[in-house]
Amino acid sequence: MTEIIVVTSGKGGVGKTTTAASIGCGLARRGKRVAVIDFDIGLRNLDLIMGCERRVVYDFVNVIHGECTLKQALIRDKRLESLYVLAASQTRDKDALTPEGVQRILEELAADGFDFILCDSPAGIEKGAHLAMYFADRAIVVVNPEVSSVRDSDRILGLLASKTRRAENGNGGVREHLLLTRYSPRRVATGEMMSVGDVKEILGLEVVGVIPESNEVLTASNAGTPVILNEESVVSLAYQDAVARLLGDTVPLRFIEEPKKGFLARLFGG
Amino acid sequence: MRLLGLFRRPPPSAQVAKERLRILVAQERTARGGPDYLPLLRRELLKVIRKYVNIDPEAVHIRFDRAEGHEVLELSVALPGK
Ligand SMILES: Nc1ncnc2c1ncn2[C@@H]1O[C@H](COP(=O)(O)OP(=O)(O)OP(=O)(O)O)[C@@H](O)[C@H]1O
Ligand SMILES: [Mg+2]
């Protein structure tokens with residue numbers, strides 16, 4: 001069975017593409033066959049974060065228009081052999097994506113035996129975001145612990161509950177997961193930043209992951225290596241935990257508290 | 001005085017954010033799926049009621065429900081304590 005997961009947020013720049021790339025890699029590393037699709041038509045970026053930008057020949061819209069086959073457009077990852085990327089088109093035509101076209105591609109991927117299809121949504125609540133979520137079975141709602149991100153994500157929850165195929169068919173709706181990212185335990189400790197508990201309480205969602213704020217994310221995107229593949233970083237571990245939870249494992253949250261400083265560190269202000 | 005100031009710090013900003021969001025999200029969720037006129041209705045109600053009693057904007061609650069073929073609009077107004 002193929003599961004379609006949308007990575008969405010409402011507000012822009014919160015970490016959707018970073019998350020889609022890392023979760024995609026993480027699922028593939030756990031032996032799943034994964035396709036990650038960039039729905040951000042006109043602003044292609046997933047290919048850069050995944051490091052396959054120079055291998056894009058055909059894109060999502062080319063497949064929809066029948067200008068190539070899906071097989072020709074899917075880019076196989078160089079590091080993980082069960083991972084594929086479908087790049088967004090750079091066209092400025094907002095109507096390039098059609099519901100029928102998107103559905104046809106998703107069905108073809110399902111028939112091809114993909115375990116997971118990750119849809120990297122554009123920001124906002126316009127057509128692209130709508131199509132990215134419409135066919136989803138599950139949603140990863142990416143949120144920063146900050147007022148406008150939390151508010152916008154609640155609007156997205158409203159859309160997931162009404163404007164999706166599962167909502168319309170009344171078969172249980174889309175399963176929603178909260179992924180809190182750019183989390184700073186230090187600022188939570190000083191009361192400057194809302195905690196996981198706060199955001200969870202406001203939105204009433206189950207938490208699939210808490211990703212710390214880290215410079216490693218920038219370094220990884222510079223290199224075109226999804227940050228989950230940088231084994232040394234806590235961000236990688238946090239994303240690996242999120243992947244495990246998506247797959248149904250019970251994993252306690254980590255990296256949500258500031259490491260307690262030892263007596264000496266405190267003494268010397270380390 | 002200075003000692004009091006020391007003890008009575010303003011609440012941490014995260015707590016303020018949480019409280020504001022809690023109210024806002026609850027409000028936006030009740031309006032969701034309901035008719036588009038709900039926000040306006042709410043504002044006008046507030047205006048009318050304020051001619052008689054001075055209430056907070058948060059004191060007006062509107063609930064919209066759909067149940068077996070009919071729709072229910074539930075209004076409640078919390079009046080300030082004496
Ligand atoms: N955990 C993190 N720590 C630090 N920086 C991060 C983290 N996650 C994401 N970022 C940074 O935030 C920025 C936006 O990330 P990303 O492109 O993934 O967001 P997006 O939601 O896909 O944006 P858009 O809405 O434009 O598609 C990037 O510069 C990225 O490096
Ligand atoms: Mg993006």
# chains A, B, ... in the order shown; residues from 1 in each chain; ligands from 1

call {"tool": "interface_residues", "arguments": {"of": "chain B", "to": "chain A", "cutoff": "7 Å", "atoms": "only C-alpha atoms", "output": "list of chain:residue names"}}
result
B:Pro12, B:Ser13, B:Ala14, B:Ala17, B:Lys18, B:Leu21, B:Arg22, B:Val25

call {"tool": "select_by_dssp", "arguments": {"residues": "region 53-216 of chain A", "states": "strand (DSSP E)", "output": "PyMOL selection string"}}
result
chain A and resi 75-76+83-86+116-120+138-143+175-183+206-212

call {"tool": "residues_near_ligand", "arguments": {"ligand": "ligand 1", "cutoff": "8 Å", "atoms": "only C-alpha atoms and all ligand atoms", "output": "MDAnalysis selection string"}}
result
chainID A and resid 8:20 40 45 120:124 142 181:183 211:218 221 235

call {"tool": "atom_distance", "arguments": {"atom1": "CA of Glu67 (chain A)", "atom2": "CA of Met50 (chain A)"}}
result
24.1 Å

call {"tool": "residues_around", "arguments": {"residues": "region 59-63 of chain B", "least_positions_apart": "4", "cutoff": "9 Å", "atoms": "only C-alpha atoms", "output": "PDB file with N, CA and C atoms, in the first residue's frame"}}
result
ATOM      1  N   GLN B  27     -11.145  30.979  18.655  1.00  0.00           N
ATOM      2  CA  GLN B  27     -12.074  31.844  17.944  1.00  0.00           C
ATOM      3  C   GLN B  27     -12.157  31.486  16.461  1.00  0.00           C
ATOM      4  N   THR B  30     -14.043  28.211  15.723  1.00  0.00           N
ATOM      5  CA  THR B  30     -15.510  28.229  15.762  1.00  0.00           C
ATOM      6  C   THR B  30     -16.064  28.851  14.488  1.00  0.00           C
ATOM      7  N   ALA B  31     -15.325  29.804  13.927  1.00  0.00           N
ATOM      8  CA  ALA B  31     -15.818  30.459  12.714  1.00  0.00           C
ATOM      9  C   ALA B  31     -15.650  29.552  11.501  1.00  0.00           C
ATOM     10  N   GLY B  34     -18.222  27.579   9.146  1.00  0.00           N
ATOM     11  CA  GLY B  34     -19.495  28.259   9.289  1.00  0.00           C
ATOM     12  C   GLY B  34     -19.650  29.286   8.183  1.00  0.00           C
ATOM     13  N   LEU B  38     -20.005  35.212   9.902  1.00  0.00           N
ATOM     14  CA  LEU B  38     -19.802  35.079  11.346  1.00  0.00           C
ATOM     15  C   LEU B  38     -18.905  36.160  11.974  1.00  0.00           C
ATOM     16  N   ARG B  42     -20.279  38.834  14.668  1.00  0.00           N
ATOM     17  CA  ARG B  42     -19.664  38.910  15.976  1.00  0.00           C
ATOM     18  C   ARG B  42     -19.311  40.363  16.321  1.00  0.00           C
ATOM     19  N   LEU B  45     -22.545  42.408  16.909  1.00  0.00           N
ATOM     20  CA  LEU B  45     -23.133  42.042  18.199  1.00  0.00           C
ATOM     21  C   LEU B  45     -22.408  42.752  19.321  1.00  0.00           C
ATOM     22  N   LEU B  46     -21.090  42.708  19.205  1.00  0.00           N
ATOM     23  CA  LEU B  46     -20.255  43.320  20.224  1.00  0.00           C
ATOM     24  C   LEU B  46     -20.598  44.809  20.356  1.00  0.00           C
ATOM     25  N   ILE B  55     -18.337  45.141  27.754  1.00  0.00           N
ATOM     26  CA  ILE B  55     -17.760  43.797  27.794  1.00  0.00           C
ATOM     27  C   ILE B  55     -16.484  43.735  26.949  1.00  0.00           C
ATOM     28  N   VAL B  72     -27.193  25.140  13.733  1.00  0.00           N
ATOM     29  CA  VAL B  72     -27.447  25.836  14.989  1.00  0.00           C
ATOM     30  C   VAL B  72     -26.393  26.902  15.222  1.00  0.00           C
ATOM     31  N   LEU B  73     -26.859  28.095  15.509  1.00  0.00           N
ATOM     32  CA  LEU B  73     -25.965  29.181  15.859  1.00  0.00           C
ATOM     33  C   LEU B  73     -26.155  29.446  17.345  1.00  0.00           C
ATOM     34  N   GLU B  74     -25.063  29.264  18.091  1.00  0.00           N
ATOM     35  CA  GLU B  74     -25.187  29.398  19.535  1.00  0.00           C
ATOM     36  C   GLU B  74     -24.401  30.625  19.981  1.00  0.00           C
ATOM     37  N   LEU B  75     -25.074  31.535  20.659  1.00  0.00           N
ATOM     38  CA  LEU B  75     -24.395  32.745  21.114  1.00  0.00           C
ATOM     39  C   LEU B  75     -24.326  32.737  22.629  1.00  0.00           C
ATOM     40  N   SER B  76     -23.178  33.107  23.169  1.00  0.00           N
ATOM     41  CA  SER B  76     -23.175  33.334  24.606  1.00  0.00           C
ATOM     42  C   SER B  76     -22.289  34.526  24.914  1.00  0.00           C
ATOM     43  N   VAL B  77     -22.737  35.322  25.860  1.00  0.00           N
ATOM     44  CA  VAL B  77     -22.011  36.524  26.231  1.00  0.00           C
ATOM     45  C   VAL B  77     -21.725  36.482  27.724  1.00  0.00           C
ATOM     46  N   ALA B  78     -20.457  36.537  28.056  1.00  0.00           N
ATOM     47  CA  ALA B  78     -20.101  36.546  29.476  1.00  0.00           C
ATOM     48  C   ALA B  78     -20.117  37.993  29.969  1.00  0.00           C
ATOM     49  N   LEU B  79     -20.983  38.278  30.930  1.00  0.00           N
ATOM     50  CA  LEU B  79     -21.062  39.644  31.458  1.00  0.00           C
ATOM     51  C   LEU B  79     -20.018  39.840  32.556  1.00  0.00           C
ATOM     52  N   PRO B  80     -19.511  41.056  32.665  1.00  0.00           N
ATOM     53  CA  PRO B  80     -18.494  41.290  33.694  1.00  0.00           C
ATOM     54  C   PRO B  80     -19.088  41.137  35.085  1.00  0.00           C
TER      55      PRO B  80
END

call {"tool": "atom_distance", "arguments": {"atom1": "CA of Arg29 (chain A)", "atom2": "CA of Asp249 (chain A)"}}
result
15.2 Å
